[in-house]
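Trainee: Handing over structure12.pdb, PDB, C-alpha atoms, pLDDT in the B column.
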ATOM      1  CA  LEU M   1      88.376  93.171  67.273  1.00 86.00           C
ATOM      2  CA  HIS M   2      91.988  92.567  66.264  1.00 88.00           C
ATOM      3  CA  VAL M   3      92.402  90.104  69.153  1.00 92.00           C
ATOM      4  CA  ALA M   4      89.201  88.275  68.153  1.00 93.00           C
ATOM      5  CA  GLY M   5      90.528  87.998  64.598  1.00 94.00           C
ATOM      6  CA  LEU M   6      93.861  86.740  65.877  1.00 94.00           C
ATOM      7  CA  VAL M   7      92.160  84.036  67.961  1.00 94.00           C
ATOM      8  CA  GLN M   8      89.926  83.020  65.048  1.00 94.00           C
ATOM      9  CA  VAL M   9      92.830  82.701  62.613  1.00 94.00           C
ATOM     10  CA  SER M  10      95.089  80.973  65.146  1.00 94.00           C
ATOM     11  CA  VAL M  11      92.440  78.392  66.057  1.00 93.00           C
ATOM     12  CA  GLY M  12      91.689  77.908  62.363  1.00 94.00           C
ATOM     13  CA  ASN M  13      95.319  77.273  61.431  1.00 94.00           C
ATOM     14  CA  GLY M  14      95.946  75.067  64.459  1.00 92.00           C
ATOM     15  CA  THR M  15      98.502  77.242  66.265  1.00 93.00           C
ATOM     16  CA  MET M  16      96.351  77.549  69.401  1.00 94.00           C
ATOM     17  CA  ARG M  17      93.577  75.676  71.176  1.00 92.00           C
ATOM     18  CA  PRO M  18      89.996  76.954  70.841  1.00 92.00           C
ATOM     19  CA  PHE M  19      89.190  79.636  73.391  1.00 91.00           C
ATOM     20  CA  VAL M  20      86.155  81.705  74.299  1.00 93.00           C
ATOM     21  CA  LEU M  21      87.373  85.293  74.091  1.00 95.00           C
ATOM     22  CA  VAL M  22      85.692  87.811  76.393  1.00 96.00           C
ATOM     23  CA  GLY M  23      86.424  91.477  75.718  1.00 94.00           C
ATOM     24  CA  ILE M  24      85.693  93.861  78.576  1.00 91.00           C
ATOM     25  CA  GLU M  25      84.755  97.455  77.867  1.00 87.00           C
ATOM     26  CA  ASN M  26      85.029  99.405  81.078  1.00 83.00           C
ATOM     27  CA  THR M  27      83.896 102.909  81.921  1.00 87.00           C
ATOM     28  CA  GLU M  28      87.094 104.175  83.606  1.00 92.00           C
ATOM     29  CA  ARG M  29      90.114 102.211  82.415  1.00 93.00           C
ATOM     30  CA  ARG M  30      92.691 103.914  84.636  1.00 94.00           C
ATOM     31  CA  ARG M  31      90.526 103.588  87.731  1.00 95.00           C
ATOM     32  CA  ASP M  32      89.693  99.928  87.127  1.00 96.00           C
ATOM     33  CA  LEU M  33      93.150  98.705  86.174  1.00 97.00           C
ATOM     34  CA  THR M  34      95.348 100.369  88.791  1.00 97.00           C
ATOM     35  CA  GLY M  35      95.977  99.539  92.404  1.00 96.00           C
ATOM     36  CA  PRO M  36      96.378 102.202  95.085  1.00 94.00           C
ATOM     37  CA  THR M  37      99.368 104.532  94.778  1.00 95.00           C
ATOM     38  CA  ASP M  38     101.316 106.800  97.098  1.00 92.00           C
ATOM     39  CA  ASN M  39     102.934 108.623  94.169  1.00 93.00           C
ATOM     40  CA  GLU M  40     101.410 112.055  93.559  1.00 92.00           C
ATOM     41  CA  GLU M  41     102.384 111.979  89.863  1.00 92.00           C
ATOM     42  CA  ASP M  42     100.434 108.737  89.436  1.00 93.00           C
ATOM     43  CA  LYS M  43      97.368 110.412  90.895  1.00 89.00           C
ATOM     44  CA  LYS M  44      97.499 113.003  88.110  1.00 90.00           C
ATOM     45  CA  VAL M  45      96.945 110.262  85.514  1.00 88.00           C
ATOM     46  CA  ALA M  46      93.179 110.244  86.078  1.00 85.00           C
ATOM     47  CA  PRO M  47      90.572 111.774  88.397  1.00 84.00           C
ATOM     48  CA  ARG M  48      90.183 108.399  90.130  1.00 91.00           C
ATOM     49  CA  VAL M  49      92.664 105.530  90.378  1.00 94.00           C
ATOM     50  CA  GLY M  50      93.137 102.477  92.573  1.00 95.00           C
ATOM     51  CA  GLY M  51      90.065 100.413  91.706  1.00 96.00           C
ATOM     52  CA  SER M  52      91.759  97.193  90.623  1.00 97.00           C
ATOM     53  CA  ALA M  53      90.548  95.165  93.633  1.00 97.00           C
ATOM     54  CA  LYS M  54      86.945  96.053  92.876  1.00 97.00           C
ATOM     55  CA  PHE M  55      87.392  95.259  89.177  1.00 97.00           C
ATOM     56  CA  ARG M  56      89.022  91.919  90.037  1.00 98.00           C
ATOM     57  CA  SER M  57      86.068  91.127  92.294  1.00 97.00           C
ATOM     58  CA  PHE M  58      83.693  91.900  89.404  1.00 97.00           C
ATOM     59  CA  LEU M  59      85.585  89.445  87.175  1.00 97.00           C
ATOM     60  CA  LYS M  60      85.506  86.737  89.839  1.00 97.00           C
ATOM     61  CA  THR M  61      82.004  87.076  91.227  1.00 98.00           C
ATOM     62  CA  GLU M  62      79.981  88.397  88.272  1.00 97.00           C
ATOM     63  CA  LEU M  63      81.601  88.083  84.862  1.00 97.00           C
ATOM     64  CA  MET M  64      83.218  84.650  85.034  1.00 97.00           C
ATOM     65  CA  PRO M  65      80.114  82.939  86.503  1.00 97.00           C
ATOM     66  CA  GLU M  66      77.981  84.552  83.788  1.00 97.00           C
ATOM     67  CA  VAL M  67      80.307  83.318  81.019  1.00 96.00           C
ATOM     68  CA  GLU M  68      80.205  79.822  82.532  1.00 96.00           C
ATOM     69  CA  ARG M  69      76.401  79.982  82.662  1.00 97.00           C
ATOM     70  CA  ARG M  70      76.041  81.035  79.027  1.00 96.00           C
ATOM     71  CA  TYR M  71      78.736  78.965  77.294  1.00 95.00           C
ATOM     72  CA  ARG M  72      80.252  75.497  77.366  1.00 93.00           C
ATOM     73  CA  THR M  73      83.576  76.058  79.063  1.00 94.00           C
ATOM     74  CA  THR M  74      86.423  74.088  80.563  1.00 94.00           C
ATOM     75  CA  ALA M  75      88.152  74.956  83.815  1.00 93.00           C
ATOM     76  CA  GLU M  76      91.033  76.691  81.984  1.00 94.00           C
ATOM     77  CA  ARG M  77      91.136  80.477  82.421  1.00 96.00           C
ATOM     78  CA  ALA M  78      93.479  83.138  81.045  1.00 97.00           C
ATOM     79  CA  ILE M  79      93.790  86.910  81.145  1.00 98.00           C
ATOM     80  CA  VAL M  80      95.589  89.202  78.721  1.00 98.00           C
ATOM     81  CA  GLY M  81      96.298  92.922  78.827  1.00 97.00           C
ATOM     82  CA  GLU M  82      98.627  95.706  77.733  1.00 97.00           C
ATOM     83  CA  SER M  83      99.870  98.853  79.498  1.00 97.00           C
ATOM     84  CA  PHE M  84      97.618  99.473  82.536  1.00 97.00           C
ATOM     85  CA  ALA M  85      95.764  96.253  81.695  1.00 97.00           C
ATOM     86  CA  GLY M  86      99.185  94.545  81.717  1.00 98.00           C
ATOM     87  CA  LEU M  87      99.788  95.977  85.191  1.00 98.00           C
ATOM     88  CA  PHE M  88      96.400  94.578  86.230  1.00 98.00           C
ATOM     89  CA  VAL M  89      97.363  91.159  84.843  1.00 98.00           C
ATOM     90  CA  VAL M  90     100.637  91.113  86.811  1.00 98.00           C
ATOM     91  CA  GLU M  91      98.971  92.425  89.972  1.00 97.00           C
ATOM     92  CA  THR M  92      96.284  89.734  89.700  1.00 97.00           C
ATOM     93  CA  PHE M  93      98.972  87.093  89.192  1.00 96.00           C
ATOM     94  CA  PHE M  94     100.498  88.019  92.546  1.00 93.00           C
ATOM     95  CA  LEU M  95      97.390  88.907  94.539  1.00 93.00           C
ATOM     96  CA  GLU M  96      94.970  86.226  93.349  1.00 93.00           C
ATOM     97  CA  PRO M  97      96.969  83.646  91.393  1.00 92.00           C
ATOM     98  CA  ASP M  98      94.269  80.985  91.441  1.00 92.00           C
ATOM     99  CA  LEU M  99      91.857  83.166  89.471  1.00 96.00           C
ATOM    100  CA  PHE M 100      93.534  82.275  86.139  1.00 97.00           C
ATOM    101  CA  ASP M 101      95.866  79.621  84.749  1.00 96.00           C
ATOM    102  CA  SER M 102      97.680  81.850  82.259  1.00 97.00           C
ATOM    103  CA  TYR M 103      98.643  85.488  82.671  1.00 98.00           C
ATOM    104  CA  LEU M 104      99.718  87.410  79.547  1.00 98.00           C
ATOM    105  CA  ALA M 105     101.033  90.945  80.075  1.00 98.00           C
ATOM    106  CA  PHE M 106     102.396  93.230  77.352  1.00 98.00           C
ATOM    107  CA  ASP M 107     104.262  96.437  78.229  1.00 98.00           C
ATOM    108  CA  PRO M 108     102.852  96.333  81.776  1.00 98.00           C
ATOM    109  CA  SER M 109     102.923  99.695  83.567  1.00 97.00           C
ATOM    110  CA  LEU M 110     105.097  98.328  86.360  1.00 98.00           C
ATOM    111  CA  TRP M 111     106.306 101.858  87.173  1.00 97.00           C
ATOM    112  CA  TRP M 112     102.969 102.444  88.939  1.00 97.00           C
ATOM    113  CA  ASN M 113     103.285 103.340  92.646  1.00 96.00           C
ATOM    114  CA  ASP M 114     107.066 103.658  92.380  1.00 96.00           C
ATOM    115  CA  ALA M 115     107.313 100.053  91.126  1.00 96.00           C
ATOM    116  CA  LYS M 116     106.357  98.707  94.566  1.00 95.00           C
ATOM    117  CA  LEU M 117     104.789  95.617  93.011  1.00 94.00           C
ATOM    118  CA  LEU M 118     108.255  94.632  91.776  1.00 94.00           C
ATOM    119  CA  ALA M 119     109.784  95.248  95.191  1.00 92.00           C
ATOM    120  CA  SER M 120     107.403  92.728  96.745  1.00 90.00           C
ATOM    121  CA  VAL M 121     107.770  89.860  94.237  1.00 91.00           C
ATOM    122  CA  ARG M 122     109.823  87.558  96.456  1.00 87.00           C
ATOM    123  CA  GLU M 123     107.533  88.160  99.427  1.00 86.00           C
ATOM    124  CA  ARG M 124     104.383  87.605  97.338  1.00 84.00           C
ATOM    125  CA  LEU M 125     105.624  84.274  96.016  1.00 81.00           C
ATOM    126  CA  GLY M 126     106.014  83.241  99.626  1.00 71.00           C
ATOM    127  CA  SER M 127     106.708  79.657 100.512  1.00 65.00           C
ATOM    128  CA  ARG M 128     104.327  78.182  97.956  1.00 68.00           C
ATOM    129  CA  SER M 129     106.184  75.214  96.490  1.00 69.00           C
ATOM    130  CA  ASP M 130     103.982  74.422  93.491  1.00 73.00           C
ATOM    131  CA  TRP M 131     102.461  77.044  91.225  1.00 82.00           C
ATOM    132  CA  ALA M 132     101.083  75.486  88.027  1.00 89.00           C
ATOM    133  CA  LYS M 133     100.727  78.759  86.145  1.00 93.00           C
ATOM    134  CA  THR M 134     102.001  80.423  82.990  1.00 96.00           C
ATOM    135  CA  LEU M 135     103.169  84.031  82.979  1.00 97.00           C
ATOM    136  CA  PHE M 136     104.033  85.508  79.581  1.00 98.00           C
ATOM    137  CA  LEU M 137     105.674  88.937  79.571  1.00 98.00           C
ATOM    138  CA  ALA M 138     106.481  90.993  76.488  1.00 98.00           C
ATOM    139  CA  ASN M 139     107.868  94.495  76.285  1.00 98.00           C
ATOM    140  CA  SER M 140     108.473  97.078  73.605  1.00 98.00           C
ATOM    141  CA  GLY M 141     111.634  99.110  73.236  1.00 97.00           C
ATOM    142  CA  GLN M 142     110.316 101.797  75.594  1.00 95.00           C
ATOM    143  CA  LYS M 143     113.197 102.162  78.063  1.00 95.00           C
ATOM    144  CA  GLU M 144     111.545 102.263  81.500  1.00 95.00           C
ATOM    145  CA  ILE M 145     108.943  99.614  80.708  1.00 96.00           C
ATOM    146  CA  SER M 146     111.473  97.282  79.096  1.00 97.00           C
ATOM    147  CA  GLU M 147     113.853  97.585  82.053  1.00 98.00           C
ATOM    148  CA  LEU M 148     111.152  96.932  84.651  1.00 98.00           C
ATOM    149  CA  THR M 149     109.675  94.016  82.697  1.00 98.00           C
ATOM    150  CA  ALA M 150     113.129  92.462  82.302  1.00 97.00           C
ATOM    151  CA  ARG M 151     113.740  92.934  86.023  1.00 97.00           C
ATOM    152  CA  LEU M 152     110.468  91.175  86.885  1.00 97.00           C
ATOM    153  CA  ALA M 153     111.287  88.278  84.557  1.00 97.00           C
ATOM    154  CA  GLY M 154     114.775  88.004  86.073  1.00 95.00           C
ATOM    155  CA  ILE M 155     113.478  87.878  89.640  1.00 93.00           C
ATOM    156  CA  LEU M 156     110.893  85.253  88.690  1.00 92.00           C
ATOM    157  CA  ARG M 157     113.528  83.080  87.011  1.00 90.00           C
ATOM    158  CA  GLU M 158     115.533  83.201  90.246  1.00 90.00           C
ATOM    159  CA  VAL M 159     112.737  82.358  92.660  1.00 86.00           C
ATOM    160  CA  ALA M 160     109.995  80.740  90.558  1.00 83.00           C
ATOM    161  CA  PRO M 161     108.166  77.997  92.428  1.00 84.00           C
ATOM    162  CA  LYS M 162     107.916  74.557  90.840  1.00 86.00           C
ATOM    163  CA  GLY M 163     105.356  74.495  88.032  1.00 90.00           C
ATOM    164  CA  LEU M 164     105.524  78.193  87.212  1.00 92.00           C
ATOM    165  CA  HIS M 165     106.378  78.749  83.542  1.00 94.00           C
ATOM    166  CA  VAL M 166     107.761  82.240  82.919  1.00 95.00           C
ATOM    167  CA  PHE M 167     108.287  83.507  79.377  1.00 97.00           C
ATOM    168  CA  HIS M 168     109.816  86.887  78.606  1.00 98.00           C
ATOM    169  CA  THR M 169     109.841  88.160  75.029  1.00 98.00           C
ATOM    170  CA  PRO M 170     111.532  91.509  74.457  1.00 98.00           C
ATOM    171  CA  MET M 171     110.293  93.200  71.263  1.00 98.00           C
ATOM    172  CA  PRO M 172     112.619  96.200  70.948  1.00 97.00           C
ATOM    173  CA  ALA M 173     111.413  97.064  67.435  1.00 97.00           C
ATOM    174  CA  GLU M 174     107.891  97.639  68.769  1.00 98.00           C
ATOM    175  CA  THR M 175     106.564 100.720  70.538  1.00 97.00           C
ATOM    176  CA  HIS M 176     103.975 101.003  73.278  1.00 96.00           C
ATOM    177  CA  ALA M 177     101.437 101.700  70.527  1.00 96.00           C
ATOM    178  CA  THR M 178     102.358  98.702  68.344  1.00 97.00           C
ATOM    179  CA  ILE M 179     103.218  95.872  70.736  1.00 97.00           C
ATOM    180  CA  TYR M 180      99.789  94.356  71.395  1.00 96.00           C
ATOM    181  CA  HIS M 181      99.216  92.447  68.156  1.00 95.00           C
ATOM    182  CA  PRO M 182     102.670  90.846  67.722  1.00 97.00           C
ATOM    183  CA  ALA M 183     102.913  90.101  71.439  1.00 98.00           C
ATOM    184  CA  ALA M 184      99.456  88.513  71.490  1.00 97.00           C
ATOM    185  CA  LEU M 185     100.361  86.264  68.566  1.00 96.00           C
ATOM    186  CA  ALA M 186     103.523  85.074  70.353  1.00 96.00           C
ATOM    187  CA  ALA M 187     101.737  84.701  73.693  1.00 97.00           C
ATOM    188  CA  PHE M 188      98.807  82.728  72.307  1.00 96.00           C
ATOM    189  CA  ARG M 189     101.110  80.335  70.489  1.00 95.00           C
ATOM    190  CA  THR M 190     103.242  79.893  73.595  1.00 95.00           C
ATOM    191  CA  ALA M 191     100.497  79.536  76.197  1.00 95.00           C
ATOM    192  CA  PHE M 192      97.721  77.943  74.146  1.00 95.00           C
ATOM    193  CA  GLY M 193      99.537  75.880  71.512  1.00 90.00           C
ATOM    194  CA  ASP M 194      98.842  72.186  71.128  1.00 67.00           C
ATOM    195  CA  ARG M 195     101.377  71.381  73.807  1.00 50.00           C
ATOM    196  CA  LYS M 196     101.148  72.988  77.206  1.00 47.00           C
ATOM    197  CA  PRO M 197     104.441  74.586  78.359  1.00 43.00           C
TER     198      PRO M 197
END
Would you mind giving the structure from this file in structure tokens?

Mentor:
Amino acid sequence: LHVAGLVQVSVGNGTMRPFVLVGIENTERRRDLTGPTDNEEDKKVAPRVGGSAKFRSFLKTELMPEVERRYRTTAERAIVGESFAGLFVVETFFLEPDLFDSYLAFDPSLWWNDAKLLASVRERLGSRSDWAKTLFLANSGQKEISELTARLAGILREVAPKGLHVFHTPMPAETHATIYHPAALAAFRTAFGDRKP
């Protein structure tokens, strides 16, 4: 609800373009938002993990077509998430980049699976020369998350393909529990303001 209110106010005051907001309530958050892991400590997080590919398929083949059927939409798509949902956003950015135009991740749990997603960034970007996408990263002052998020942003600045807009906003005064709202406000204004980045 707080994100819906933020979108409503931001559209109303002209700081972002109108957007159809789709909130997804899932039945097993940790299962749906994590990829496979070889780390035994990760596997203790929930009874079942590693279902992100299936959840991504649901978004692509069921949810997005249904939204398009029910509402007047444009071709622009975005995804936003925090913590494990932030990990899902970043994973989707690398595994299926054409699914969305803008990827907004706050305090992403990049430590998952011994941070192997980070280790494969250069390889995943491959030889693609043009990537017209926006990736907005924000992190709280939580040490491990802030370090990993900064590392991801640094790697992307080094090797970003043409057209990829990377924004990194450290928010050291925020905690993992407080980052979503201020990060969403900054991300929406950056990615969906009157002028495209």

Trainee: Could you state which residues are captured by the PyMOL selection byres ((chain M and resi 158-160) around 10) in this file, as a ChimeraX atom specification?

Mentor: /M:121-122,125-126,128-131,153-157,161-166

Trainee: Any idea what the distance is between atom CA of M:Ser140 and atom CA of M:Val90?

Mentor: 16.5 Å

Trainee: Give me the result of the PyMOL selection byres ((chain M and resi 167) around 12) on this file, residue by residue, as number ranges by chain.

Mentor: M: 102-106, 133-139, 149-150, 152-154, 156-157, 160, 164-166, 168-170, 183, 186-191, 197

Trainee: Applying the PyMOL selection byres ((chain M and resi 99) around 10) to the file I just gave you, which residues come out? Please list them as a tab-separated table (two decimals) with C-alpha atoms, in the coordinates of the input.

Mentor:
chain	number	residue	atom	x	y	z
M	56	ARG	CA	89.02	91.92	90.04
M	59	LEU	CA	85.58	89.44	87.18
M	60	LYS	CA	85.51	86.74	89.84
M	64	MET	CA	83.22	84.65	85.03
M	76	GLU	CA	91.03	76.69	81.98
M	77	ARG	CA	91.14	80.48	82.42
M	78	ALA	CA	93.48	83.14	81.04
M	79	ILE	CA	93.79	86.91	81.14
M	92	THR	CA	96.28	89.73	89.70
M	93	PHE	CA	98.97	87.09	89.19
M	95	LEU	CA	97.39	88.91	94.54
M	96	GLU	CA	94.97	86.23	93.35
M	97	PRO	CA	96.97	83.65	91.39
M	98	ASP	CA	94.27	80.98	91.44
M	100	PHE	CA	93.53	82.28	86.14
M	101	ASP	CA	95.87	79.62	84.75
M	102	SER	CA	97.68	81.85	82.26
M	103	TYR	CA	98.64	85.49	82.67

Trainee: At what distance in Å, to one decimal, does atom CA of M:Ala46 lie from atom CA of M:Ala177?

Mentor: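 Atom CA of M:Ala46 lies at a distance of 19.6 Å from atom CA of M:Ala177.
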